[in-house]
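Participant: Here it is, the structure in full.
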Amino acid sequence: MTFIDHPQHLVERALASIPAANAGDIYDVSFLIDNEDDDSRQPTLTIGYTAPSTTAVAQ
């Protein structure tokens, strides 16, 4: 697996883990790239999504 393939694999795996009950209602997918402990050698990708069912829980 090349370096370029690695993030794509992570995104595919994260999106595949979304519960089927929520998948049809998702209207927003977000990607946050941050450095763990402000160390640029340790980038972290966080993938999130918003759906009516997740919004209702947050309220």
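Naming scheme: A, B, ... for chains in displayed order of the structure tokens; residues 1 onward per chain; ligands 1 onward as shown.
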If you run DSSP over the backbone, which residues in range 5-36 of chain A end up strand (DSSP E)? Put them as a list in words.

Facilitator: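 Here is the list: Asp28, Val29, Ser30, Phe31, Leu32, Ile33, Asp34 and Asn35 of chain A.
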
Participant: Residues at most 12 Å from Ser53 in chain A, counting only C-alpha atoms, excluding those fewer than 5 positions away in the same chain, as a list in words?

Facilitator: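 The filter keeps Pro19, Ala21, Asn22, Ala23, Gly24, Asp25, Ile26, Tyr27, Ala58 and Gln59 of chain A.
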
Participant: Keeping only C-alpha atoms, write the selected residues as a PDB file, in the first residue's frame.

Facilitator:
```pdb
ATOM      1  CA  PRO A  19     -24.629   2.438  10.722  1.00  0.00           C
ATOM      2  CA  ALA A  21     -29.843   3.221   9.662  1.00  0.00           C
ATOM      3  CA  ASN A  22     -28.040   6.599   9.449  1.00  0.00           C
ATOM      4  CA  ALA A  23     -26.460   6.280   6.005  1.00  0.00           C
ATOM      5  CA  GLY A  24     -29.478   7.439   4.003  1.00  0.00           C
ATOM      6  CA  ASP A  25     -30.010  10.525   6.169  1.00  0.00           C
ATOM      7  CA  ILE A  26     -26.451  11.904   6.116  1.00  0.00           C
ATOM      8  CA  TYR A  27     -26.290  15.406   4.712  1.00  0.00           C
ATOM      9  CA  ALA A  58     -26.785  16.406  20.388  1.00  0.00           C
ATOM     10  CA  GLN A  59     -29.688  18.685  21.353  1.00  0.00           C
TER      11      GLN A  59
END
```

Participant: Rank A:Ala20, A:Met1, A:Val11, A:Ile47 by their smallest atom-to-atom distance to Leu32 in chain A, using only C-alpha atoms, and report the top residue only.

Facilitator: A:Ile47

Participant: Mind giving me the straight-line distance from CA of Gly48 in chain A to CA of His6 in chain A in Å, one decimal?

Facilitator: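 Straight-line distance from CA of Gly48 in chain A to CA of His6 in chain A works out to 18.3 Å.
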
Participant: Counting only C-alpha atoms, what is within 9 Å of Phe31 in chain A, bar same-chain residues fewer than 2 positions away, as a PyMOL selection string?

Facilitator: chain A and resi 29+33+45-49

Participant: Please write the residues from the selection above to a file, keeping N, CA and C atoms, as a compact mmCIF listing (two decimals), in the first residue's frame.

Facilitator:
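Saved result, result.txt, follows:
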```txt
# COMPACT_ATOMS: atom_id res chain seq x y z
N VAL A 29 -20.56 15.49 5.54
CA VAL A 29 -19.40 14.70 5.96
C VAL A 29 -18.27 15.69 6.16
N ILE A 33 -8.21 17.60 9.92
CA ILE A 33 -6.82 17.16 9.99
C ILE A 33 -6.14 17.99 11.05
N LEU A 45 -6.40 12.31 11.21
CA LEU A 45 -7.58 12.60 10.40
C LEU A 45 -8.80 12.12 11.17
N THR A 46 -9.73 13.05 11.41
CA THR A 46 -10.98 12.72 12.07
C THR A 46 -12.10 12.92 11.06
N ILE A 47 -12.92 11.91 10.88
CA ILE A 47 -14.03 11.98 9.94
C ILE A 47 -15.33 11.97 10.73
N GLY A 48 -16.19 12.93 10.44
CA GLY A 48 -17.47 13.00 11.12
C GLY A 48 -18.60 13.14 10.11
N TYR A 49 -19.80 12.99 10.58
CA TYR A 49 -20.97 13.17 9.71
C TYR A 49 -22.12 13.72 10.51
```

Participant: Return as a list in words the full set of residues in chain A whose backbone-based DSSP assignment is helix (DSSP H, G or I).

Facilitator: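 Result set for chain A (helix (DSSP H, G or I)): Asp5, His6, Pro7, Gln8, His9, Leu10, Val11, Glu12, Arg13, Ala14, Leu15, Ala16, Ala20, Ala21, Asn22, Ala23, Glu36, Asp37, Asp38, Pro52, Ser53, Thr54, Thr55, Ala56, Val57 and Ala58 of chain A.
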
Participant: Could the residues in this selection be written to a file with C-alpha atoms, as a short mmCIF file (atom, residue, chain, number, x, y, z; two decimals), in the first residue's frame?

Facilitator:
```
data_model
loop_
_atom_site.label_atom_id
_atom_site.label_comp_id
_atom_site.auth_asym_id
_atom_site.auth_seq_id
_atom_site.Cartn_x
_atom_site.Cartn_y
_atom_site.Cartn_z
CA ASP A 5 -3.50 4.77 -0.77
CA HIS A 6 -3.34 4.74 3.02
CA PRO A 7 -5.58 7.80 3.71
CA GLN A 8 -8.05 6.62 1.07
CA HIS A 9 -8.26 3.23 2.79
CA LEU A 10 -8.86 4.92 6.16
CA VAL A 11 -11.66 7.09 4.74
CA GLU A 12 -13.30 4.12 3.04
CA ARG A 13 -13.16 2.11 6.26
CA ALA A 14 -14.56 4.98 8.34
CA LEU A 15 -17.44 5.60 5.93
CA ALA A 16 -18.21 1.87 5.79
CA ALA A 20 -26.94 1.55 7.84
CA ALA A 21 -29.84 3.22 9.66
CA ASN A 22 -28.04 6.60 9.45
CA ALA A 23 -26.46 6.28 6.01
CA GLU A 36 -1.41 15.04 17.69
CA ASP A 37 0.23 17.02 20.51
CA ASP A 38 1.00 19.80 17.98
CA PRO A 52 -31.00 14.15 11.66
CA SER A 53 -30.59 11.25 14.08
CA THR A 54 -27.19 12.53 15.26
CA THR A 55 -28.46 16.11 15.52
CA ALA A 56 -31.35 15.04 17.70
CA VAL A 57 -28.98 13.31 20.11
CA ALA A 58 -26.79 16.41 20.39
#
```
